[in-house]
file start.txt (compact mmCIF, C-alpha atoms)
# COMPACT_ATOMS: atom_id res chain seq x y z
CA MET A 19 -10.26 -267.61 29.13
CA TRP A 20 -11.67 -268.25 25.70
CA ASP A 21 -10.04 -271.42 24.35
CA LEU A 22 -9.51 -270.06 20.85
CA LYS A 23 -6.82 -271.49 18.56
CA GLU A 24 -6.48 -268.62 16.11
CA TYR A 25 -7.49 -264.97 15.66
CA ARG A 26 -7.51 -263.87 12.00
CA PHE A 27 -7.83 -260.39 10.53
CA ALA A 28 -9.68 -259.75 7.27
CA ALA A 29 -8.92 -256.71 5.10
CA THR A 30 -12.01 -257.10 2.89
CA ALA A 31 -15.41 -258.76 3.14
CA GLN A 32 -14.45 -261.30 0.47
CA GLN A 33 -11.25 -262.16 2.32
CA ALA A 34 -13.25 -262.60 5.51
CA VAL A 35 -15.43 -265.25 3.86
CA SER A 36 -12.38 -266.96 2.41
CA LEU A 37 -10.63 -266.99 5.82
CA MET A 38 -13.79 -268.41 7.33
CA ARG A 39 -13.79 -271.30 4.83
CA GLN A 40 -10.11 -272.15 5.28
CA GLY A 41 -10.68 -274.10 8.47
CA PRO A 42 -9.57 -276.16 10.24
CA GLY A 43 -12.48 -276.55 12.62
CA LYS A 44 -15.33 -274.19 13.31
CA GLY A 45 -15.00 -270.46 12.82
CA ALA A 46 -17.02 -267.34 13.54
CA PHE A 47 -16.88 -263.71 12.48
CA ILE A 48 -16.08 -261.25 15.27
CA ALA A 49 -16.68 -257.49 15.30
CA GLY A 50 -17.46 -255.98 18.70
CA GLY A 51 -17.34 -259.37 20.38
CA THR A 52 -19.39 -258.20 23.38
CA ASP A 53 -21.72 -261.18 23.05
CA MET A 54 -19.12 -263.73 21.92
CA PHE A 55 -17.13 -263.30 25.11
CA LEU A 56 -20.26 -264.25 27.06
CA TYR A 57 -20.82 -267.46 25.10
CA PRO A 58 -17.31 -268.41 23.98
CA ALA A 59 -17.74 -272.16 23.50
CA GLY A 60 -17.56 -274.01 20.22
CA CYS A 61 -15.17 -271.92 18.12
CA ASP A 62 -11.73 -272.94 16.90
CA PHE A 63 -10.97 -269.61 15.25
CA VAL A 64 -12.49 -266.18 14.66
CA VAL A 65 -12.22 -263.79 11.72
CA ASP A 66 -12.03 -260.12 12.79
CA ILE A 67 -14.03 -257.92 10.39
CA ASN A 68 -13.32 -254.55 12.02
CA HIS A 69 -10.86 -253.68 9.24
CA ALA A 70 -12.84 -255.22 6.38
CA GLY A 71 -14.12 -251.87 5.14
CA ILE A 72 -17.71 -252.44 6.25
CA SER A 73 -17.93 -249.90 9.09
CA ASP A 74 -19.10 -246.86 7.11
CA ILE A 75 -22.36 -244.94 7.18
CA ALA A 76 -23.30 -243.24 3.90
CA ARG A 77 -26.17 -241.60 2.11
CA THR A 78 -26.31 -242.63 -1.57
CA PRO A 79 -27.00 -239.99 -4.28
CA GLY A 80 -30.52 -241.42 -4.50
CA GLY A 81 -31.02 -240.78 -0.79
CA ASP A 82 -30.80 -244.35 0.48
CA LEU A 83 -29.08 -244.71 3.85
CA PHE A 84 -26.35 -247.35 3.96
CA LEU A 85 -25.18 -248.75 7.30
CA GLY A 86 -22.04 -250.89 7.28
CA ALA A 87 -22.54 -254.06 9.31
CA ALA A 88 -19.52 -253.30 11.52
CA THR A 89 -20.81 -249.82 12.43
CA THR A 90 -20.92 -249.53 16.21
CA LEU A 91 -24.18 -248.84 17.98
CA HIS A 92 -22.64 -245.68 19.44
CA ASN A 93 -21.92 -244.41 15.93
CA LEU A 94 -25.50 -245.14 14.92
CA ALA A 95 -26.65 -243.18 17.97
CA ILE A 96 -24.66 -240.03 17.12
CA ASN A 97 -24.07 -239.99 13.34
CA PRO A 98 -25.94 -237.04 11.75
CA LEU A 99 -26.92 -239.09 8.69
CA VAL A 100 -28.66 -241.53 10.99
CA THR A 101 -30.12 -239.04 13.48
CA GLY A 102 -31.57 -237.18 10.48
CA PHE A 103 -33.25 -240.24 8.95
CA ALA A 104 -36.86 -241.16 9.78
CA GLY A 105 -36.92 -238.82 12.75
CA GLY A 106 -33.80 -240.40 14.19
CA ILE A 107 -35.56 -243.61 15.18
CA ILE A 108 -32.57 -245.84 14.33
CA SER A 109 -30.31 -243.69 16.51
CA GLU A 110 -32.77 -243.82 19.37
CA ALA A 111 -33.04 -247.61 19.17
CA ALA A 112 -29.23 -247.88 19.15
CA ALA A 113 -28.94 -245.54 22.13
CA HIS A 114 -31.30 -247.79 24.11
CA CYS A 115 -29.20 -250.90 23.47
CA GLY A 116 -26.92 -252.20 26.22
CA ASN A 117 -24.84 -249.65 28.08
CA ARG A 118 -22.44 -246.94 26.92
CA PRO A 119 -19.17 -248.97 26.81
CA VAL A 120 -20.95 -251.91 25.17
CA ARG A 121 -22.22 -249.55 22.44
CA SER A 122 -18.62 -248.43 21.74
CA THR A 123 -17.79 -251.81 20.24
CA ALA A 124 -21.06 -253.72 19.70
CA THR A 125 -22.17 -253.44 16.07
CA VAL A 126 -25.48 -253.34 14.22
CA GLY A 127 -24.42 -256.37 12.20
CA GLY A 128 -23.56 -258.32 15.33
CA ASN A 129 -26.91 -257.47 16.86
CA LEU A 130 -28.72 -258.83 13.80
CA CYS A 131 -26.43 -261.83 13.15
CA ASN A 132 -26.85 -263.08 16.73
CA ALA A 133 -30.47 -263.37 15.60
CA LEU A 134 -32.00 -263.30 19.04
CA PRO A 135 -35.79 -262.86 18.92
CA SER A 136 -35.18 -259.76 21.05
CA ALA A 137 -32.44 -258.19 18.84
CA ASP A 138 -32.77 -254.52 19.75
CA MET A 139 -32.06 -253.15 16.28
CA ALA A 140 -34.36 -255.48 14.34
CA PRO A 141 -37.83 -253.92 14.78
CA VAL A 142 -36.95 -250.36 13.66
CA LEU A 143 -34.93 -251.68 10.71
CA LEU A 144 -37.79 -253.99 9.71
CA ALA A 145 -40.24 -251.09 9.97
CA LEU A 146 -38.03 -249.05 7.61
CA ASP A 147 -37.83 -251.87 5.01
CA ALA A 148 -34.10 -252.53 5.41
CA THR A 149 -32.33 -254.60 2.78
CA CYS A 150 -29.39 -256.83 3.82
CA TYR A 151 -26.26 -257.11 1.73
CA ILE A 152 -24.45 -260.42 2.05
CA ALA A 153 -20.96 -261.13 0.72
CA ASP A 154 -19.70 -264.41 -0.65
CA GLU A 155 -16.11 -264.91 -1.86
CA GLU A 156 -16.91 -263.84 -5.41
CA SER A 157 -20.40 -262.39 -5.29
CA GLN A 158 -22.83 -260.30 -3.30
CA GLU A 159 -26.49 -260.92 -2.63
CA SER A 160 -29.23 -258.72 -1.22
CA LEU A 161 -32.47 -259.68 0.42
CA PRO A 162 -35.10 -258.05 2.65
CA LEU A 163 -34.22 -258.06 6.35
CA ALA A 164 -37.57 -259.79 6.90
CA ASP A 165 -36.13 -262.85 5.12
CA PHE A 166 -32.79 -262.74 6.97
CA PHE A 167 -33.91 -264.43 10.19
CA VAL A 168 -34.53 -268.19 10.06
CA GLY A 169 -35.02 -269.00 13.74
CA PRO A 170 -33.64 -268.17 17.18
CA ARG A 171 -29.86 -267.65 16.68
CA VAL A 172 -30.11 -268.78 13.04
CA THR A 173 -29.90 -266.60 9.91
CA VAL A 174 -29.64 -267.30 6.18
CA LEU A 175 -25.90 -266.50 6.28
CA GLU A 176 -24.23 -269.88 6.96
CA ASP A 177 -20.54 -269.04 6.28
CA ARG A 178 -21.22 -265.81 4.38
CA LEU A 179 -20.83 -262.30 5.80
CA LEU A 180 -23.45 -259.61 6.37
CA VAL A 181 -21.73 -256.48 5.01
CA GLY A 182 -24.41 -253.88 5.49
CA LEU A 183 -27.97 -252.66 5.37
CA ALA A 184 -29.66 -250.22 3.06
CA LEU A 185 -32.73 -248.21 3.96
CA PRO A 186 -34.74 -246.84 1.03
CA ALA A 187 -34.78 -243.06 0.60
CA ASP A 188 -38.55 -242.85 1.03
CA ALA A 189 -38.32 -244.50 4.45
CA GLY A 190 -36.36 -241.44 5.60
CA SER A 191 -39.51 -239.33 5.75
CA ARG A 192 -41.71 -241.90 7.49
CA SER A 193 -43.42 -240.94 10.68
CA CYS A 194 -42.13 -243.35 13.30
CA ALA A 195 -42.45 -244.37 16.91
CA SER A 196 -41.06 -247.32 18.79
CA TYR A 197 -40.99 -248.70 22.29
CA LYS A 198 -38.74 -251.15 24.09
CA LEU A 199 -40.44 -252.66 27.12
CA THR A 200 -37.79 -253.83 29.56
CA ARG A 201 -36.82 -253.68 33.21
CA SER A 202 -33.92 -251.36 32.38
CA ALA A 203 -32.44 -250.22 29.05
CA GLU A 204 -29.47 -252.55 29.57
CA ASP A 205 -31.72 -255.56 29.99
CA ILE A 206 -33.03 -257.77 27.20
CA SER A 207 -36.35 -256.47 25.96
CA LEU A 208 -39.61 -258.13 26.96
CA VAL A 209 -41.51 -256.67 24.01
CA GLN A 210 -40.54 -254.26 21.26
CA VAL A 211 -42.87 -252.45 18.89
CA ALA A 212 -41.78 -250.18 16.03
CA VAL A 213 -44.26 -248.35 13.80
CA ALA A 214 -43.36 -246.47 10.60
CA LEU A 215 -46.05 -244.74 8.55
CA ASP A 216 -45.56 -243.21 5.12
CA ILE A 217 -48.09 -240.38 5.19
CA ARG A 218 -48.63 -238.42 1.95
CA ASP A 219 -51.29 -235.78 1.44
CA GLY A 220 -52.97 -236.83 4.66
CA ARG A 221 -53.20 -240.48 3.65
CA ILE A 222 -51.26 -243.49 4.98
CA GLU A 223 -49.59 -244.85 1.84
CA THR A 224 -47.72 -247.63 3.57
CA ALA A 225 -47.78 -248.80 7.17
CA ARG A 226 -45.14 -250.91 8.86
CA ILE A 227 -45.51 -252.50 12.27
CA ALA A 228 -42.57 -254.59 13.49
CA LEU A 229 -42.42 -256.62 16.70
CA GLY A 230 -39.50 -257.98 18.71
CA ALA A 231 -39.20 -260.65 21.41
CA VAL A 232 -42.68 -262.04 20.73
CA ALA A 233 -41.94 -264.72 18.12
CA PRO A 234 -39.03 -267.04 17.22
CA VAL A 235 -37.69 -264.22 15.03
CA PRO A 236 -38.27 -260.44 14.82
CA MET A 237 -41.43 -260.09 12.72
CA ARG A 238 -43.78 -257.73 10.92
CA ALA A 239 -47.47 -257.65 11.80
CA VAL A 240 -48.64 -257.58 8.18
CA LEU A 241 -52.35 -257.98 8.87
CA ALA A 242 -52.32 -255.04 11.27
CA GLU A 243 -50.38 -253.03 8.70
CA ALA A 244 -53.11 -253.75 6.12
CA GLN A 245 -55.70 -252.35 8.52
CA LEU A 246 -53.93 -248.96 8.45
CA ALA A 247 -52.77 -248.72 4.84
CA GLY A 248 -54.92 -246.45 2.71
CA GLN A 249 -56.63 -244.73 5.63
CA THR A 250 -56.75 -240.94 5.74
CA VAL A 251 -55.33 -239.37 8.87
CA ALA A 252 -58.32 -237.03 9.23
CA GLU A 253 -60.77 -239.93 9.37
CA ILE A 254 -58.75 -242.34 11.42
CA ASN A 255 -60.31 -242.93 14.84
CA PRO A 256 -59.26 -244.56 18.10
CA ASP A 257 -61.39 -247.66 17.37
CA LEU A 258 -59.56 -248.32 14.13
CA ILE A 259 -56.19 -247.94 15.84
CA ALA A 260 -57.31 -250.23 18.66
CA ASP A 261 -58.49 -252.81 16.10
CA ALA A 262 -55.08 -252.75 14.38
CA ALA A 263 -53.42 -253.29 17.76
CA VAL A 264 -55.65 -256.29 18.52
CA ILE A 265 -54.79 -257.75 15.11
CA ALA A 266 -51.05 -257.30 15.81
CA ALA A 267 -51.46 -259.05 19.16
CA GLY A 268 -53.13 -261.93 17.31
CA GLU A 269 -50.28 -262.18 14.82
CA CYS A 270 -47.41 -262.55 17.29
CA GLU A 271 -46.31 -265.89 18.76
CA PRO A 272 -44.84 -265.13 22.19
CA ARG A 273 -43.67 -267.77 24.62
CA ASP A 274 -43.35 -268.03 28.38
CA ASP A 275 -39.93 -267.59 29.90
CA HIS A 276 -38.42 -266.40 33.17
CA ARG A 277 -38.72 -262.76 32.05
CA ALA A 278 -42.42 -262.67 31.18
CA SER A 279 -45.38 -264.86 30.34
CA ALA A 280 -46.66 -265.27 26.78
CA GLU A 281 -50.00 -263.84 27.88
CA TYR A 282 -48.38 -260.68 29.25
CA ARG A 283 -46.24 -260.23 26.16
CA ARG A 284 -49.23 -260.58 23.85
CA ASP A 285 -51.22 -258.04 25.82
CA MET A 286 -48.28 -255.63 25.81
CA VAL A 287 -48.09 -255.97 22.01
CA ARG A 288 -51.70 -254.80 21.92
CA VAL A 289 -51.16 -251.85 24.29
CA LEU A 290 -47.85 -250.72 22.83
CA THR A 291 -48.93 -251.09 19.20
CA ARG A 292 -51.95 -248.89 19.86
CA ARG A 293 -49.77 -246.28 21.54
CA GLN A 294 -47.02 -246.29 18.92
CA ILE A 295 -49.49 -245.96 16.05
CA THR A 296 -51.06 -243.01 17.85
CA ARG A 297 -47.68 -241.40 18.46
CA ALA A 298 -46.52 -241.95 14.88
CA LEU A 299 -49.74 -240.35 13.63
CA PHE A 300 -50.10 -237.41 15.95
CA GLU A 301 -46.76 -236.59 17.57
CA ASN A 302 -44.15 -234.66 15.64
CA ASN A 303 -41.20 -235.67 17.74
CA THR A 304 -40.86 -239.31 16.81
CA ARG A 305 -38.62 -241.11 19.21
CA THR A 306 -37.95 -244.39 20.90
CA GLU A 307 -38.88 -244.74 24.51
CA THR A 308 -37.75 -247.30 26.98
CA GLY A 309 -39.75 -248.11 30.02
CA GLY A 310 -40.57 -250.75 32.54
CA THR A 311 -44.08 -249.81 33.47
CA VAL A 312 -47.13 -249.68 31.30
CA ALA A 313 -50.27 -248.48 33.01
CA MET B 19 -0.77 -251.52 20.13
CA GLU B 20 -0.19 -248.05 21.50
CA LEU B 21 -0.63 -248.19 25.26
CA ASN B 22 -0.92 -244.81 26.96
CA GLY B 23 0.89 -243.12 24.09
CA ARG B 24 3.77 -245.58 23.88
CA PRO B 25 4.23 -248.48 21.45
CA GLN B 26 3.63 -251.76 23.22
CA THR B 27 4.34 -255.23 21.89
CA CYS B 28 3.26 -258.39 23.63
CA GLU B 29 2.45 -262.00 22.95
CA ILE B 30 -1.11 -262.98 23.66
CA ALA B 31 -3.31 -266.06 23.49
CA PRO B 32 -5.79 -265.81 20.58
CA GLY B 33 -8.77 -265.87 22.95
CA ALA B 34 -7.38 -263.49 25.59
CA ASN B 35 -9.48 -260.52 26.55
CA LEU B 36 -7.93 -257.07 26.77
CA LEU B 37 -8.52 -256.89 30.54
CA HIS B 38 -6.11 -259.74 31.36
CA VAL B 39 -3.45 -258.53 28.94
CA LEU B 40 -3.56 -255.02 30.42
CA ARG B 41 -3.17 -256.37 33.95
CA GLU B 42 -0.22 -258.46 32.84
CA LEU B 43 1.20 -255.17 31.57
CA ARG B 44 0.85 -253.87 35.14
CA GLN B 45 -2.14 -251.63 34.42
CA PHE B 46 -3.65 -252.37 37.82
CA SER B 47 -6.30 -249.65 37.59
CA VAL B 48 -8.10 -252.05 35.24
CA LYS B 49 -10.19 -254.10 37.65
CA LEU B 50 -11.67 -257.54 37.12
CA GLY B 51 -15.31 -257.48 38.17
CA CYS B 52 -18.01 -259.40 36.33
CA GLU B 53 -16.13 -260.34 33.16
CA THR B 54 -19.46 -260.15 31.31
CA GLY B 55 -19.49 -256.49 30.24
CA ASP B 56 -21.95 -255.43 32.92
CA CYS B 57 -20.07 -253.81 35.81
CA GLY B 58 -17.62 -251.45 34.08
CA SER B 59 -14.76 -251.95 36.56
CA CYS B 60 -12.48 -252.76 33.62
CA THR B 61 -13.41 -249.72 31.49
CA VAL B 62 -10.55 -248.38 29.36
CA LEU B 63 -10.42 -246.16 26.29
CA LEU B 64 -10.03 -247.85 22.89
CA ASP B 65 -9.25 -245.12 20.35
CA GLY B 66 -10.76 -242.67 22.83
CA GLU B 67 -14.06 -244.51 23.31
CA PRO B 68 -14.90 -246.20 26.63
CA VAL B 69 -15.07 -249.99 26.33
CA ASN B 70 -15.40 -252.92 28.73
CA SER B 71 -11.95 -254.47 28.34
CA CYS B 72 -13.30 -257.83 29.59
CA VAL B 73 -15.43 -258.29 26.45
CA VAL B 74 -12.93 -256.85 23.97
CA ALA B 75 -10.52 -259.30 22.36
CA ALA B 76 -6.92 -258.37 23.18
CA ALA B 77 -6.09 -259.06 19.52
CA ARG B 78 -8.57 -256.34 18.60
CA ALA B 79 -6.21 -253.76 20.10
CA HIS B 80 -3.58 -254.59 17.46
CA GLY B 81 -2.75 -251.27 15.78
CA HIS B 82 -5.06 -249.26 18.03
CA GLN B 83 -4.68 -246.84 20.93
CA VAL B 84 -5.50 -248.11 24.41
CA THR B 85 -5.64 -245.69 27.34
CA THR B 86 -5.90 -246.71 30.98
CA LEU B 87 -6.18 -244.49 34.04
CA GLU B 88 -2.40 -244.85 34.49
CA GLY B 89 -1.96 -243.00 31.19
CA LEU B 90 -4.15 -240.09 32.24
CA LEU B 91 -2.60 -239.24 35.60
CA ASP B 92 -0.95 -236.11 34.17
CA ASP B 93 -3.89 -235.16 31.97
CA PRO B 94 -5.34 -231.78 33.05
CA LEU B 95 -8.96 -232.91 32.68
CA MET B 96 -8.34 -236.10 34.65
CA LYS B 97 -6.54 -234.08 37.34
CA ASP B 98 -9.57 -231.78 37.62
CA LEU B 99 -11.88 -234.74 37.84
CA GLN B 100 -9.73 -236.41 40.51
CA ALA B 101 -9.57 -233.22 42.57
CA ARG B 102 -13.34 -232.84 42.40
CA MET B 103 -13.91 -236.48 43.27
CA VAL B 104 -11.71 -236.06 46.35
CA ALA B 105 -13.41 -232.78 47.29
CA GLU B 106 -16.82 -234.49 47.05
CA ALA B 107 -15.53 -237.56 48.94
CA ALA B 108 -16.88 -239.52 45.99
CA ILE B 109 -15.22 -242.78 46.90
CA GLN B 110 -16.31 -245.60 49.16
CA CYS B 111 -14.55 -248.93 48.60
CA GLY B 112 -12.93 -247.58 45.44
CA TYR B 113 -13.14 -250.72 43.31
CA CYS B 114 -15.38 -249.14 40.68
CA SER B 115 -13.58 -245.79 40.77
CA PRO B 116 -11.05 -246.25 37.92
CA GLY B 117 -13.74 -247.43 35.48
CA LEU B 118 -16.11 -244.74 36.62
CA MET B 119 -13.42 -242.07 36.18
CA ILE B 120 -12.65 -243.31 32.65
CA SER B 121 -16.33 -243.16 31.67
CA LEU B 122 -16.78 -239.66 33.09
CA TYR B 123 -13.51 -238.52 31.51
CA ALA B 124 -14.60 -239.78 28.06
CA HIS B 125 -17.95 -238.05 28.41
CA ILE B 126 -16.53 -234.69 29.47
CA LYS B 127 -13.64 -234.88 26.98
CA ALA B 128 -16.17 -235.29 24.17
CA GLY B 129 -17.85 -232.05 25.31
CA GLY B 130 -20.67 -233.93 27.02
CA SER B 131 -23.39 -232.17 28.96
CA ALA B 132 -23.33 -231.56 32.74
CA ASP B 133 -27.04 -232.34 32.88
CA GLU B 134 -27.64 -235.04 35.49
CA ALA B 135 -29.74 -237.28 33.24
CA VAL B 136 -27.06 -237.19 30.54
CA LEU B 137 -24.28 -237.87 33.05
CA ARG B 138 -26.25 -240.82 34.41
CA GLU B 139 -26.53 -242.14 30.84
CA ALA B 140 -22.74 -241.82 30.52
CA LEU B 141 -22.45 -243.98 33.64
CA THR B 142 -24.89 -246.71 32.52
CA GLY B 143 -21.92 -249.04 32.12
CA ASN B 144 -20.51 -248.56 35.63
CA LEU B 145 -21.97 -250.30 38.64
CA CYS B 146 -21.08 -249.17 42.16
CA ARG B 147 -22.21 -251.63 44.79
CA CYS B 148 -21.63 -249.16 47.60
CA THR B 149 -24.35 -247.30 45.64
CA GLY B 150 -22.37 -244.08 45.70
CA TYR B 151 -23.46 -242.43 42.47
CA VAL B 152 -24.58 -239.09 43.86
CA LYS B 153 -21.16 -237.70 44.76
CA PRO B 154 -19.38 -238.81 41.55
CA LEU B 155 -22.24 -237.24 39.59
CA ALA B 156 -21.83 -233.99 41.51
CA ALA B 157 -18.07 -234.01 40.88
CA ALA B 158 -18.55 -234.73 37.18
CA ALA B 159 -21.25 -232.07 36.83
CA ALA B 160 -18.92 -229.46 38.35
CA VAL B 161 -16.04 -230.36 36.01
CA ALA B 162 -18.28 -230.58 32.93
CA THR B 163 -19.83 -227.21 33.72
CA GLU B 164 -16.38 -225.63 34.09
CA ARG B 165 -15.25 -227.14 30.80
CA ARG B 166 -18.30 -225.80 29.03
CA GLY B 167 -17.64 -222.30 30.27
CA GLY B 168 -20.19 -222.29 33.05
CA THR B 169 -23.15 -223.72 31.13
CA SER B 170 -24.52 -227.21 31.62

call {"tool": "encode", "arguments": {"input": "start.txt", "output": "structure tokens"}}
result
Amino acid sequence: MWDLKEYRFAATAQQAVSLMRQGPGKGAFIAGGTDMFLYPAGCDFVVDINHAGISDIARTPGGDLFLGAATTLHNLAINPLVTGFAGGIISEAAAHCGNRPVRSTATVGGNLCNALPSADMAPVLLALDATCYIADEESQESLPLADFFVGPRVTVLEDRLLVGLALPADAGSRSCASYKLTRSAEDISLVQVAVALDIRDGRIETARIALGAVAPVPMRAVLAEAQLAGQTVAEINPDLIADAAVIAAGECEPRDDHRASAEYRRDMVRVLTRRQITRALFENNTRTETGGTVA
Amino acid sequence: MELNGRPQTCEIAPGANLLHVLRELRQFSVKLGCETGDCGSCTVLLDGEPVNSCVVAAARAHGHQVTTLEGLLDDPLMKDLQARMVAEAAIQCGYCSPGLMISLYAHIKAGGSADEAVLREALTGNLCRCTGYVKPLAAAAAVATERRGGTS
């Protein structure tokens, strides 16, 4: 039994922040709660944000895709606005997160706010240049998702609330591929790689390579991205792709743990980055794959 | 909350999970297994979606619809599924069966495919330690195919 003193409901994001600051004691926001029930210690009260009006998925008139923080992973997996954006890569990443009943309640905001290095939703959202919207009692702030993570289990939020994410319209036509290396889809990932390429007139205008579970926080491999940006697809060759993958492997900072060694993780970043760049460039059906074996 | 179609009021501890509250309400089909959201023995429907009731706050159910196997005993689709499960002898110890039935019910009710890979995905949240997945999958495939007018 979770030794919780009070369960509060918030009707708006602003009210949620205000309820959080009322005390007494230590509080936490709760949405799906699938992770909080596993690590229940240290909270005097929780503030439920499921009715705070931040569960919607919308496409703005300008074409940006907005994902409410309390949107469930199952909704991300099946919503047509999401399956139709960037080849459906966000939906695929959501569908490879946890198991079916977990995805019914677990939310995209919860996945990011837990701020695990291996957060399943982080790499694809980083690769699509997601912006975070953060509510205070009176104001709202936005910042790039890349600046949201401070360290393992630490974000910039403090007692503020993540209300949603916006993906820029132009990211919707990026050519993407991602891979979650894990023993099984339900398990925590060993390595994640997401690649998103903005290809116009046969030229890579922008390249994004995002990595998960290989640094204290989900990260972008900016030096490897620079290797690809500006290249023409017709002239790109396997050596150049392999070079970018080696650069990405050099940029990550993996550590040893009981799931995998740092050395293995780094080498898998190299292999998987090379493969995902190749898939994003040359395969039409962009999709996330999950697998436990890499030959 | 609305439990199996009827209004239900109860007093709960702030940190109670839905699993324990449902068992106190004599919903004994809801089994306690891992209590970590892994095994699926406690699967119930929250607003029609399958959830692990062990990792859902009981307070979360306030104002929502909760459905347990007890509430589906007269449901035509659940009856079909039960009959097929019996015909396939798809039960060993039976502990995982209620959760497994709820997951398969939710999948078929939503018009889900009878394709084996898709059915297996629908069962990712249900562990059977007698390792008896083959027969439940066969039962579910038969019911799903019937529901979809003979196509998988």

call {"tool": "atom_distance", "arguments": {"input": "start.txt", "atom1": "CA of Gly230 in chain A", "atom2": "CA of Ala135 in chain B"}}
result
27.1 Å

call {"tool": "atom_distance", "arguments": {"input": "start.txt", "atom1": "CA of Cys57 in chain B", "atom2": "CA of Met96 in chain B"}}
result
21.3 Å

call {"tool": "interface_residues", "arguments": {"input": "start.txt", "of": "chain A", "to": "chain B", "cutoff": "9 Å", "atoms": "only C-alpha atoms", "output": "PyMOL selection string"}}
result
chain A and resi 19-26+49-56+58+63-64+66+68+116-123+204

call {"tool": "residues_near_point", "arguments": {"input": "start.txt", "point": "(-12.4, -260.7, -1.6)", "cutoff": "10 Å", "atoms": "all atoms listed in the file", "output": "ChimeraX atom specification"}}
result
/A:28-37,70,153-157

call {"tool": "closest_residue", "arguments": {"input": "start.txt", "among": "B:Leu99, B:Val161, B:Leu36, B:Cys114", "to": "Leu145 in chain B", "atoms": "all atoms listed in the file"}}
result
B:Cys114

call {"tool": "closest_atom_pairs", "arguments": {"input": "start.txt", "of": "range 172-272 of chain A", "to": "range 105-112 of chain A", "cutoff": "9 Å", "atoms": "only C-alpha atoms", "output": "JSON lines"}}
result
{"residue": "A:Gly190", "atom": "CA", "partner": "A:Gly105", "partner_atom": "CA", "distance": 7.6}
{"residue": "A:Ser191", "atom": "CA", "partner": "A:Gly105", "partner_atom": "CA", "distance": 7.5}
{"residue": "A:Arg192", "atom": "CA", "partner": "A:Gly105", "partner_atom": "CA", "distance": 7.8}
{"residue": "A:Ser193", "atom": "CA", "partner": "A:Gly105", "partner_atom": "CA", "distance": 7.1}
{"residue": "A:Cys194", "atom": "CA", "partner": "A:Ile107", "partner_atom": "CA", "distance": 6.8}
{"residue": "A:Ala195", "atom": "CA", "partner": "A:Ile107", "partner_atom": "CA", "distance": 7.1}
{"residue": "A:Ser196", "atom": "CA", "partner": "A:Ile107", "partner_atom": "CA", "distance": 7.6}
{"residue": "A:Tyr197", "atom": "CA", "partner": "A:Ala111", "partner_atom": "CA", "distance": 8.6}
{"residue": "A:Lys198", "atom": "CA", "partner": "A:Ala111", "partner_atom": "CA", "distance": 8.3}

call {"tool": "axis_aligned_box", "arguments": {"input": "start.txt", "around": "range 19-26 of chain A", "padding_each_side": "6 Å", "output": "lines of an AutoDock Vina configuration file"}}
result
center_x = -9.1
center_y = -267.7
center_z = 20.6
size_x = 17.2
size_y = 19.6
size_z = 29.1

call {"tool": "atom_distance", "arguments": {"input": "start.txt", "atom1": "CA of Gly117 in chain B", "atom2": "CA of Val126 in chain A"}}
result
25.0 Å

call {"tool": "residues_around", "arguments": {"input": "start.txt", "residues": "range 266-273 of chain A", "least_positions_apart": "4", "cutoff": "9 Å", "atoms": "only C-alpha atoms", "output": "list in words"}}
result
Ile227, Leu229, Ala231, Val232, Ala233, Pro234, Met237, Arg238, Ala239, Val240, Leu241, Ala242, Glu243, Asp261, Ala262, Ala278, Ser279, Ala280, Glu281, Arg283, Arg284, Asp285, Met286, Val287, Arg288, Val289 and Thr291 of chain A

call {"tool": "residues_around", "arguments": {"input": "start.txt", "residues": "Leu87 in chain B", "least_positions_apart": "4", "cutoff": "8 Å", "atoms": "all atoms listed in the file", "output": "list of chain:residue names"}}
result
B:Ser47, B:Val48, B:Val62, B:Leu91, B:Pro116, B:Met119, B:Ile120

call {"tool": "write_last_selection", "arguments": {"input": "start.txt", "atoms": "C-alpha atoms", "output": "JSON list (two decimals), in the coordinates of the input"}}
result
[["chain", "number", "residue", "atom", "x", "y", "z"],
["B", 47, "SER", "CA", -6.30, -249.65, 37.59],
["B", 48, "VAL", "CA", -8.10, -252.05, 35.24],
["B", 62, "VAL", "CA", -10.55, -248.38, 29.36],
["B", 91, "LEU", "CA", -2.60, -239.24, 35.60],
["B", 116, "PRO", "CA", -11.05, -246.25, 37.92],
["B", 119, "MET", "CA", -13.42, -242.07, 36.18],
["B", 120, "ILE", "CA", -12.65, -243.31, 32.65]]

call {"tool": "residues_around", "arguments": {"input": "start.txt", "residues": "range 39-44 of chain A", "least_positions_apart": "6", "cutoff": "8 Å", "atoms": "all atoms listed in the file", "output": "MDAnalysis selection string"}}
result
chainID A and resid 60:63 177

call {"tool": "write_last_selection", "arguments": {"input": "start.txt", "atoms": "C-alpha atoms", "output": "PDB file, in the coordinates of the input"}}
result
ATOM      1  CA  GLY A  60     -17.560-274.010  20.220  1.00  0.00           C
ATOM      2  CA  CYS A  61     -15.170-271.920  18.120  1.00  0.00           C
ATOM      3  CA  ASP A  62     -11.730-272.940  16.900  1.00  0.00           C
ATOM      4  CA  PHE A  63     -10.970-269.610  15.250  1.00  0.00           C
ATOM      5  CA  ASP A 177     -20.540-269.040   6.280  1.00  0.00           C
TER       6      ASP A 177
END

call {"tool": "closest_residue", "arguments": {"input": "start.txt", "among": "B:Glu88, B:Glu42, B:Asp98, B:Glu164", "to": "Gly129 in chain B", "atoms": "all atoms listed in the file"}}
result
B:Glu164

call {"tool": "closest_residue", "arguments": {"input": "start.txt", "among": "A:Ile67, A:Ala228, A:Ile152, A:Ala184", "to": "Ile48 in chain A", "atoms": "all atoms listed in the file"}}
result
A:Ile67
